[in-house]
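Working notes for the structure below.
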Amino acid sequence: MGRDICTLDNVYANNLGMLSKLAHVTQPNLYQDTFFTALFAEDMPVTKNKKSSSKKDVRFTQLAYYSEIPVGGLVVKLVPKKQNELSLKGIQIEFLGVLPNYRHKSIGSKLLKFAEEKCSECHQHNVFVYIPATDSTVKQWFIAHGFEQHGETINKFIKDVVGGEQDAVLLKKHIS
Amino acid sequence: MSRKRSTKPKPVAKTTLKKENDQFLEALKLYEGKQYKKSLKLLDTILKKDGSHVDSLALKGLDLFSVGEKDDAASYVTNAIRRIEGTSASPICCHVLGIYMRNTKEYKDSIKWFTAALNNGSTNKQIYRDLATLQSQIGDFKNALISRKKYWESFLGYRANWTSLAVAQDINSERQQAINTLSQFEKLAEGKIADSEKYEHNECLMYKNDIMYKAAGDNQDKLQNVLKHLNDVEPYVFDKFGLLERKASIYMKLGQMKDASIVYRTLIKRNPDNFKYYKLLEVSLGIQGDNKLKKALYGKLEQFYPRCEPPKFIPLTFLEDEKELCKKLKEYVLPQLERGVPATFSNVKPLYQRRKCKVPPLLEKIVLDYLSGLDHMHDPIPFIWTSYYLAQHYLFVNDFPKAQEYINAALNHTPTLVEFYILKARIMKHLGLMDTAAETLEEGRQLDLQDRFINCKTVKYFLRANNIDKAVEIASLFTKNDDSINGIKDLHLVEASWFIVEQAEAYYRLYLERKKSLEDIASLKNEAEGKDSEEASSDIKDNQWLVQKYKGLALKRFNAIPKFYKQFEDDQLDFHSYCMRKGTPRAYLDMLEWGKRLYTKPMYVRAMKGASKLYFQMYDDHLKRNSDYVEENSDDTGNNGNSTSSQKKKAKKEAAAMNKRKEIEAKSVAAYSNDQDSDVFGEKLIETATPMEDFATEFYNNYSKQVREDEKDFVLDFEFNYRVGKLALCFASLNKFAKKFGSMNGLFGSMVIVLLRATRNDASFDQILKKVVTKSLEKDYSEILPLSEVSNNNFDWLKFYQETFGGNDTRGLLFLYRYCEDVAIEQSILKEVIINNISSLEPHAQNEILQYQL
């Protein structure tokens, strides 16, 4: 086998459905449909004139394929400026998910590595993520990948589609 | 140019005549130079002086046709022809008319005029080539040979002419002459074949061998000759497969099995994936019936070609011993599942079909065992594809709950694989849940918008679910929608017959549904006379329009299919000369064979059957209409009689609203551009006064001309002839049907009863015909049929049918249902029998019958 069984590739307008499906399956009820459609809907004016839409968030997306099957996805946002006291600047992971049956195959690590590379490419030094405070598995995963908690638990930070709210913690990893 | 005289004896001075003639020739030259406008101008000056100059009239017609003014062109040409007695016009005029007719695709007339041009003294030998092409196109090969010969005589310097002469001779079974023609040219060309001509040369050599082989028959000496020729030409032939295959079949015919088997082994070596060669190798080794030897053979071959399918697969088709078969199946299927081959089930499906009792249970056990040893986390790929396989397996054996269980397992495991959605939708379809099926596919389609396959599948499923708007919307994502709001026009342009036929069927189903609901509303209205009549009547109007629209569009779409096939037929025209020029006579002959079977291709037949339902219904309605119409009309006149001006105004307003609505709807259903189609909704099609004639000319004639006796649809044949009153032909179809399926067949029973009842006293068929049929029925089927009860309407025909023909053949019962009035069976009783009968069918088929046939 010359090729890695797990590969990464970009998300395109035509397979955006895959990303949204993955997000809905791995983290149900968290993402609005508009979160995904917006990724490409506003893409066109960006290419047309970059300057006027400089306000628009810059996001990077990626799909992970295992044996040619899409099994994981990643959406990160470039946060070039600190928004408030508590937050950070750098690369924010908005979605990182792998189908349950394909975990423990280092697919998530690969996606994370992609995020870290983007971080250095954009001359940033932080990769950070908000996760539900109660979810210890996720927390452990990030800590195992070199993240550490930043600040205190933030109350009712995560809001889901059905109106529920959850406390969150901010995890960050410093990239030199 | 030949000297010519005006055909009309006119007292014109010679000088004017000459001048006119010169001008005409000038115009002709301009036409040839494609300067139609200038040519027309010149012709107008001639015609101004002499309005009856036939040559100019004809040429003007041709010019006009070339600039696209087809109606004007036609009038000029008819004008010209009107002035000609028979075909006695100048050769140029005849030639011009011939070209015009060819352009308008009236090939027979075109041939007539081309021939006339030659008979009237044209020295233009090119006409022979055009003539040969046209004669080949209409299948007149006898005269094509004559034309080919004439042309060949005039232009001996082109290989194409020799080849086409040989082909024409071959088609006319003058094989020896054909061989001579080809040999003669070979001799002439010997040593002068340039590199660029080598391919043509190779084709012609093989073609010659084809003819020799055909001519040799079983004659041993001749076959030896063919073999010798084959060996001689071998260095020049590029088609090594063709050459080897020919060689092997000659050896087989000569009985030299050993030599044949060696050639087949060579062929297998060249292409070890072609199943055909393995089968023929078996034959040449004479071991088809000997499983033991076959097993040994394939064991050996498997070692030689370890990466090839056939040696692994073929033993599965004949191994009898269960243990051994089980082992081999395992060796075949499990590695594929392990690798995650999506098509694993498709690969073994032929075994499921051919060895229904043996293979499926074995494979079920094997694959279930395999799945139980898999861990969905550890081996995700084998796990999902094995589940996928099992879902297909259970679908095949009609165990729908299990099929669903496995496909859901696969989908839960990996919801990002489009294939799983397709299969899930298929299972839903079999369960009769058309809407869910379409929605499932739509979910899958959303995952990958650039996948054309799932796009088409989704479209098809939405059409099956009668959701035409959604289907068109999705289909239009992949079409070119320049100036139209959807892809319908483009789909017609690219001849996407799958879509058009599916849409036609969807429209047909909608038509039936609407018709039913219209009847319901009407009966409701009758019950609640007076109350809410306004609302009800607008409801009725709405439904009436929809019924008409769906019916018209269904027929319109069905009728689009034969148009494609006529186009296919017409497309052959160019190849009568092109193939000769390129030197591909073998491909040319293949094309002719294809052309002969064109109107029996599945898609054509499907459209024909779909359209037949509508046409037959229209015909039957026509018969019944008189009484119905009187009622309706009296209703209308009653309304008109005492309608006030306000009512009139309202009617006018409604009509205007209707027109507006039609205009808007027309945009989304138009299949052709506006100037080509004045009947967007197919309204004219369904208003025809002669449905059976329309059906015959649009569909049936072409089909029955080309279809082979043994594959003919006798039921359709019967129904058609029954309606056009050709009872003797009905009897013939019936007889053939009986020969093929036996005279105890349920469908046969239904047909024979219908035919028998057609001879009853009060049936409206020709008396003599009735007698003929009665005699024939007496002769062939007097033992089965209660001939004395023919005219007895109280005779229990259903009971007789059930007792004689078993009575549980659904198709037979449905046939009777369609003719229940003729055979005097109470419709409601028959309906009940059918409903009881279909419970064993799968849900999908049940629904179809309940919704659309009863």
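Following the order of the structure tokens, first chain is A, next is B, and so on, with residues numbered from 1 inside each chain and ligands from 1 in the order they appear.
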
Residues of chain A no more than 7 Å from chain B, counting only C-alpha atoms: send them over as an mmCIF file with C-alpha atoms, in the first residue's frame.
data_model
loop_
_atom_site.group_PDB
_atom_site.id
_atom_site.type_symbol
_atom_site.label_atom_id
_atom_site.label_comp_id
_atom_site.auth_asym_id
_atom_site.auth_seq_id
_atom_site.Cartn_x
_atom_site.Cartn_y
_atom_site.Cartn_z
ATOM 1 C CA ASN A 14 -20.763 20.160 -3.991
ATOM 2 C CA ASN A 15 -19.833 17.997 -1.039
ATOM 3 C CA LEU A 16 -20.762 20.431 1.651
ATOM 4 C CA GLY A 17 -23.601 18.055 2.439
ATOM 5 C CA MET A 18 -21.044 15.552 3.685
ATOM 6 C CA ILE A 69 -15.260 7.296 2.603
ATOM 7 C CA PRO A 70 -15.760 10.682 4.265
ATOM 8 C CA ASN A 101 -17.015 3.882 14.301
ATOM 9 C CA TYR A 102 -13.869 5.327 12.813
#

*If we count only C-alpha atoms, what is near range 257-261 of chain B at a cut-off of 8 Å, once residues fewer than 2 positions away on the same chain are taken out, given as a list in words?*
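Residues meeting the cut-off are Lys247, Ala248, Ser249, Tyr251, Met252, Gly255, Val263, Tyr264, Arg265, Leu281, Ser284 and Leu285 of chain B.
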
Write the residues you've just listed into a file as a PDB file, in the first residue's frame, and include C-alpha atoms for each of them.
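What ended up in part.pdb:
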ATOM      1  CA  LYS B 247      -9.609 -19.236 -36.859  1.00  0.00           C
ATOM      2  CA  ALA B 248     -10.986 -21.082 -33.875  1.00  0.00           C
ATOM      3  CA  SER B 249     -14.477 -21.290 -35.289  1.00  0.00           C
ATOM      4  CA  TYR B 251     -11.253 -25.330 -36.666  1.00  0.00           C
ATOM      5  CA  MET B 252     -14.426 -26.135 -34.775  1.00  0.00           C
ATOM      6  CA  GLY B 255     -13.770 -30.813 -36.388  1.00  0.00           C
ATOM      7  CA  VAL B 263      -6.477 -21.038 -30.354  1.00  0.00           C
ATOM      8  CA  TYR B 264      -8.937 -20.520 -27.507  1.00  0.00           C
ATOM      9  CA  ARG B 265      -6.139 -20.855 -25.015  1.00  0.00           C
ATOM     10  CA  LEU B 281     -12.673 -23.659 -24.693  1.00  0.00           C
ATOM     11  CA  SER B 284     -13.587 -27.356 -28.027  1.00  0.00           C
ATOM     12  CA  LEU B 285     -12.277 -29.679 -25.344  1.00  0.00           C
TER      13      LEU B 285
END

*List the neighbours of Lys38 in chain B out to 12 Å using only C-alpha atoms; skip same-chain residues closer than 3 positions along the sequence, and give me the result as an NGL selection string.*
:B and (23-24 or 26-35 or 41-45 or 60 or 63-64 or 67)

Would you list the contacts of Val333 in chain B as a CSV table (one decimal) with C-alpha atoms, in the first residue's frame, taking every protein, DNA or RNA residue within 9 Å and counting only C-alpha atoms, but skipping same-chain residues closer than 2 positions in sequence?
chain,number,residue,atom,x,y,z
B,328,LYS,CA,-15.6,-22.1,-3.5
B,329,LEU,CA,-18.2,-19.6,-2.7
B,330,LYS,CA,-16.4,-18.6,0.4
B,331,GLU,CA,-13.2,-18.2,-1.6
B,335,PRO,CA,-12.1,-11.7,-0.1
B,336,GLN,CA,-14.3,-9.3,-1.9
B,337,LEU,CA,-16.1,-8.4,1.2
B,338,GLU,CA,-12.9,-8.0,3.1
B,344,THR,CA,-19.9,-8.1,-4.5
B,345,PHE,CA,-23.6,-8.8,-4.6
B,347,ASN,CA,-21.1,-10.2,-9.0
B,348,VAL,CA,-22.9,-13.2,-7.6
B,363,LEU,CA,-24.3,-17.6,0.7
B,366,ILE,CA,-21.5,-17.8,4.7
B,367,VAL,CA,-21.9,-14.1,4.8

*Tell me which protein, DNA and RNA residues are within 10 Å of range 782-796 of chain B, counting only C-alpha atoms, leaving out same-chain ones fewer than 2 positions away, and put them as a PyMOL selection string.*
chain B and resi 743-744+749+752-753+756-763+774-780+798-801+804-805+822-826

For the residues in the current selection, export N, CA and C atoms as a PDB file, in the first residue's frame.
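File written: selection_16.pdb
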ATOM      1  N   SER B 743     -51.937 -23.666 -23.742  1.00  0.00           N
ATOM      2  CA  SER B 743     -53.323 -23.213 -23.810  1.00  0.00           C
ATOM      3  C   SER B 743     -54.008 -23.350 -22.452  1.00  0.00           C
ATOM      4  N   MET B 744     -53.234 -23.578 -21.391  1.00  0.00           N
ATOM      5  CA  MET B 744     -53.827 -23.580 -20.054  1.00  0.00           C
ATOM      6  C   MET B 744     -53.408 -22.317 -19.303  1.00  0.00           C
ATOM      7  N   GLY B 749     -56.376 -17.890 -21.484  1.00  0.00           N
ATOM      8  CA  GLY B 749     -57.791 -18.086 -21.185  1.00  0.00           C
ATOM      9  C   GLY B 749     -58.581 -16.796 -21.342  1.00  0.00           C
ATOM     10  N   VAL B 752     -58.846 -15.846 -25.031  1.00  0.00           N
ATOM     11  CA  VAL B 752     -59.712 -16.704 -25.831  1.00  0.00           C
ATOM     12  C   VAL B 752     -61.178 -16.431 -25.489  1.00  0.00           C
ATOM     13  N   ILE B 753     -61.442 -16.122 -24.234  1.00  0.00           N
ATOM     14  CA  ILE B 753     -62.833 -15.803 -23.877  1.00  0.00           C
ATOM     15  C   ILE B 753     -63.269 -14.506 -24.572  1.00  0.00           C
ATOM     16  N   LEU B 756     -63.834 -15.281 -28.135  1.00  0.00           N
ATOM     17  CA  LEU B 756     -65.048 -16.082 -28.301  1.00  0.00           C
ATOM     18  C   LEU B 756     -66.279 -15.190 -28.190  1.00  0.00           C
ATOM     19  N   ARG B 757     -66.243 -14.321 -27.191  1.00  0.00           N
ATOM     20  CA  ARG B 757     -67.381 -13.426 -26.994  1.00  0.00           C
ATOM     21  C   ARG B 757     -67.534 -12.431 -28.161  1.00  0.00           C
ATOM     22  N   ALA B 758     -66.444 -12.180 -28.858  1.00  0.00           N
ATOM     23  CA  ALA B 758     -66.542 -11.277 -30.000  1.00  0.00           C
ATOM     24  C   ALA B 758     -67.399 -11.874 -31.105  1.00  0.00           C
ATOM     25  N   THR B 759     -67.599 -13.170 -31.054  1.00  0.00           N
ATOM     26  CA  THR B 759     -68.413 -13.802 -32.103  1.00  0.00           C
ATOM     27  C   THR B 759     -69.883 -13.921 -31.689  1.00  0.00           C
ATOM     28  N   ARG B 760     -70.210 -13.375 -30.526  1.00  0.00           N
ATOM     29  CA  ARG B 760     -71.611 -13.481 -30.083  1.00  0.00           C
ATOM     30  C   ARG B 760     -72.521 -12.658 -31.017  1.00  0.00           C
ATOM     31  N   ASN B 761     -73.792 -12.952 -30.925  1.00  0.00           N
ATOM     32  CA  ASN B 761     -74.721 -12.365 -31.900  1.00  0.00           C
ATOM     33  C   ASN B 761     -74.709 -10.841 -31.901  1.00  0.00           C
ATOM     34  N   ASP B 762     -74.712 -10.259 -30.672  1.00  0.00           N
ATOM     35  CA  ASP B 762     -74.866  -8.805 -30.648  1.00  0.00           C
ATOM     36  C   ASP B 762     -73.530  -8.061 -30.658  1.00  0.00           C
ATOM     37  N   ALA B 763     -72.444  -8.760 -30.939  1.00  0.00           N
ATOM     38  CA  ALA B 763     -71.161  -8.063 -31.033  1.00  0.00           C
ATOM     39  C   ALA B 763     -71.076  -7.365 -32.382  1.00  0.00           C
ATOM     40  N   THR B 774     -65.227 -18.265 -35.400  1.00  0.00           N
ATOM     41  CA  THR B 774     -65.948 -19.355 -34.755  1.00  0.00           C
ATOM     42  C   THR B 774     -65.449 -20.700 -35.255  1.00  0.00           C
ATOM     43  N   LYS B 775     -65.312 -20.794 -36.574  1.00  0.00           N
ATOM     44  CA  LYS B 775     -64.834 -22.049 -37.167  1.00  0.00           C
ATOM     45  C   LYS B 775     -63.455 -22.411 -36.612  1.00  0.00           C
ATOM     46  N   SER B 776     -62.582 -21.400 -36.589  1.00  0.00           N
ATOM     47  CA  SER B 776     -61.221 -21.669 -36.124  1.00  0.00           C
ATOM     48  C   SER B 776     -61.225 -22.101 -34.662  1.00  0.00           C
ATOM     49  N   LEU B 777     -62.027 -21.416 -33.869  1.00  0.00           N
ATOM     50  CA  LEU B 777     -62.084 -21.773 -32.452  1.00  0.00           C
ATOM     51  C   LEU B 777     -62.632 -23.186 -32.298  1.00  0.00           C
ATOM     52  N   GLU B 778     -63.647 -23.506 -33.112  1.00  0.00           N
ATOM     53  CA  GLU B 778     -64.223 -24.852 -33.052  1.00  0.00           C
ATOM     54  C   GLU B 778     -63.162 -25.888 -33.358  1.00  0.00           C
ATOM     55  N   LYS B 779     -62.385 -25.548 -34.364  1.00  0.00           N
ATOM     56  CA  LYS B 779     -61.386 -26.511 -34.837  1.00  0.00           C
ATOM     57  C   LYS B 779     -60.325 -26.761 -33.766  1.00  0.00           C
ATOM     58  N   ASP B 780     -59.806 -25.674 -33.188  1.00  0.00           N
ATOM     59  CA  ASP B 780     -58.638 -25.822 -32.328  1.00  0.00           C
ATOM     60  C   ASP B 780     -58.954 -25.975 -30.845  1.00  0.00           C
ATOM     61  N   LEU B 798     -66.868 -16.083 -15.494  1.00  0.00           N
ATOM     62  CA  LEU B 798     -65.792 -16.033 -14.516  1.00  0.00           C
ATOM     63  C   LEU B 798     -65.556 -17.415 -13.916  1.00  0.00           C
ATOM     64  N   LYS B 799     -66.664 -18.064 -13.595  1.00  0.00           N
ATOM     65  CA  LYS B 799     -66.549 -19.391 -13.017  1.00  0.00           C
ATOM     66  C   LYS B 799     -65.869 -20.321 -14.024  1.00  0.00           C
ATOM     67  N   PHE B 800     -66.345 -20.207 -15.260  1.00  0.00           N
ATOM     68  CA  PHE B 800     -65.745 -21.038 -16.300  1.00  0.00           C
ATOM     69  C   PHE B 800     -64.243 -20.768 -16.387  1.00  0.00           C
ATOM     70  N   TYR B 801     -63.894 -19.490 -16.357  1.00  0.00           N
ATOM     71  CA  TYR B 801     -62.479 -19.110 -16.465  1.00  0.00           C
ATOM     72  C   TYR B 801     -61.679 -19.703 -15.314  1.00  0.00           C
ATOM     73  N   THR B 804     -61.425 -23.522 -15.631  1.00  0.00           N
ATOM     74  CA  THR B 804     -60.648 -24.055 -16.749  1.00  0.00           C
ATOM     75  C   THR B 804     -59.187 -23.647 -16.697  1.00  0.00           C
ATOM     76  N   PHE B 805     -58.963 -22.375 -16.347  1.00  0.00           N
ATOM     77  CA  PHE B 805     -57.595 -21.866 -16.468  1.00  0.00           C
ATOM     78  C   PHE B 805     -56.957 -21.592 -15.111  1.00  0.00           C
ATOM     79  N   ASP B 822     -67.377  -6.760 -22.360  1.00  0.00           N
ATOM     80  CA  ASP B 822     -67.527  -7.643 -23.515  1.00  0.00           C
ATOM     81  C   ASP B 822     -67.788  -9.083 -23.107  1.00  0.00           C
ATOM     82  N   VAL B 823     -67.171  -9.484 -21.997  1.00  0.00           N
ATOM     83  CA  VAL B 823     -67.325 -10.886 -21.641  1.00  0.00           C
ATOM     84  C   VAL B 823     -68.427 -11.093 -20.608  1.00  0.00           C
ATOM     85  N   ALA B 824     -69.176 -10.029 -20.323  1.00  0.00           N
ATOM     86  CA  ALA B 824     -70.320 -10.130 -19.417  1.00  0.00           C
ATOM     87  C   ALA B 824     -69.938 -10.694 -18.063  1.00  0.00           C
ATOM     88  N   ILE B 825     -68.908 -10.076 -17.455  1.00  0.00           N
ATOM     89  CA  ILE B 825     -68.589 -10.425 -16.071  1.00  0.00           C
ATOM     90  C   ILE B 825     -68.793  -9.177 -15.244  1.00  0.00           C
ATOM     91  N   GLU B 826     -69.430  -9.343 -14.116  1.00  0.00           N
ATOM     92  CA  GLU B 826     -69.681  -8.201 -13.242  1.00  0.00           C
ATOM     93  C   GLU B 826     -68.356  -7.620 -12.758  1.00  0.00           C
TER      94      GLU B 826
END

_Backbone DSSP call of helix (DSSP H, G or I) for range 1-105 of chain A, listed as number ranges by chain_ = A: 13-26, 33-41, 43-48, 100-102

*Using only C-alpha atoms, which of A:Ala38, A:Ile158, A:Leu78, A:Ala144 sits nearest Glu116 in chain A?*
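Counting only C-alpha atoms, the residue closest to Glu116 in chain A is A:Leu78.
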
*Find the residues around Gly487 in chain B up to 8 Å (only C-alpha atoms counted), leave out those fewer than 3 positions away in its own chain, and share them as a list in words.*
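The residues that qualify are Val472, Ala475, Ser476, Leu477, Thr479, Lys480, Asn481, Ser484, Asp490 and Leu491 of chain B.
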
Print the selection's residues with N, CA and C atoms to a file, as an mmCIF file, in the first residue's frame.
data_model
loop_
_atom_site.group_PDB
_atom_site.id
_atom_site.type_symbol
_atom_site.label_atom_id
_atom_site.label_comp_id
_atom_site.auth_asym_id
_atom_site.auth_seq_id
_atom_site.Cartn_x
_atom_site.Cartn_y
_atom_site.Cartn_z
ATOM 1 N N VAL B 472 -38.237 17.401 -11.993
ATOM 2 C CA VAL B 472 -37.737 18.282 -13.048
ATOM 3 C C VAL B 472 -36.728 19.268 -12.473
ATOM 4 N N ALA B 475 -33.511 17.351 -11.987
ATOM 5 C CA ALA B 475 -32.904 16.996 -13.271
ATOM 6 C C ALA B 475 -32.281 18.225 -13.924
ATOM 7 N N SER B 476 -32.920 19.363 -13.724
ATOM 8 C CA SER B 476 -32.462 20.579 -14.388
ATOM 9 C C SER B 476 -31.117 21.063 -13.862
ATOM 10 N N LEU B 477 -30.678 20.506 -12.734
ATOM 11 C CA LEU B 477 -29.359 20.891 -12.225
ATOM 12 C C LEU B 477 -28.251 20.471 -13.182
ATOM 13 N N THR B 479 -28.743 19.995 -16.619
ATOM 14 C CA THR B 479 -29.030 20.224 -18.033
ATOM 15 C C THR B 479 -28.639 21.634 -18.424
ATOM 16 N N LYS B 480 -28.701 21.851 -19.713
ATOM 17 C CA LYS B 480 -28.381 23.170 -20.230
ATOM 18 C C LYS B 480 -29.696 23.919 -20.391
ATOM 19 N N ASN B 481 -29.890 24.935 -19.556
ATOM 20 C CA ASN B 481 -31.201 25.583 -19.552
ATOM 21 C C ASN B 481 -31.106 27.005 -20.102
ATOM 22 N N SER B 484 -34.844 28.483 -21.196
ATOM 23 C CA SER B 484 -36.055 27.925 -20.617
ATOM 24 C C SER B 484 -35.894 27.836 -19.107
ATOM 25 N N ASP B 490 -33.914 20.571 -23.007
ATOM 26 C CA ASP B 490 -32.593 19.987 -23.185
ATOM 27 C C ASP B 490 -32.655 18.462 -23.116
ATOM 28 N N LEU B 491 -33.479 17.957 -22.213
ATOM 29 C CA LEU B 491 -33.581 16.508 -22.089
ATOM 30 C C LEU B 491 -34.159 15.892 -23.356
#

*Which of these residues is nearest to Glu569 in chain B, using only C-alpha atoms: B:Glu502, B:Glu593, B:Glu302, B:Glu709?*
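Looking at the shortest contact to Glu569 in chain B, the residue is B:Glu593.
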
Long-range neighbours of Val237 in chain B as a PDB file with C-alpha atoms, in the first residue's frame, 8 Å cut-off, only C-alpha atoms, 6 positions minimum in chain:
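The file below, out.pdb, is the result:
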ATOM      1  CA  ASN B 202      -6.854  -4.752 -42.932  1.00  0.00           C
ATOM      2  CA  GLU B 203     -10.592  -4.201 -42.555  1.00  0.00           C
ATOM      3  CA  LEU B 205      -9.127  -8.251 -45.878  1.00  0.00           C
ATOM      4  CA  MET B 206     -11.046  -9.371 -42.843  1.00  0.00           C
ATOM      5  CA  LEU B 243      -8.672 -13.190 -36.604  1.00  0.00           C
TER       6      LEU B 243
END

*So how many Å separate CA of Ile407 in chain B and CA of Tyr388 in chain B, to one decimal?*
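Distance between the two atoms: 5.9 Å.
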
*Using only C-alpha atoms, which residue out of A:Gly97, A:His145, A:Gly163, A:Glu85 lies closest to Gln32 in chain A?*
A:Gly163

_d(CA of Gln176 in chain B, CA of Cys204 in chain B) in Å_ = 15.2 Å

*Expressed in Å to a single decimal, how great is the separation between CA of Ile138 in chain B and CA of Thr87 in chain B?*
20.8 Å
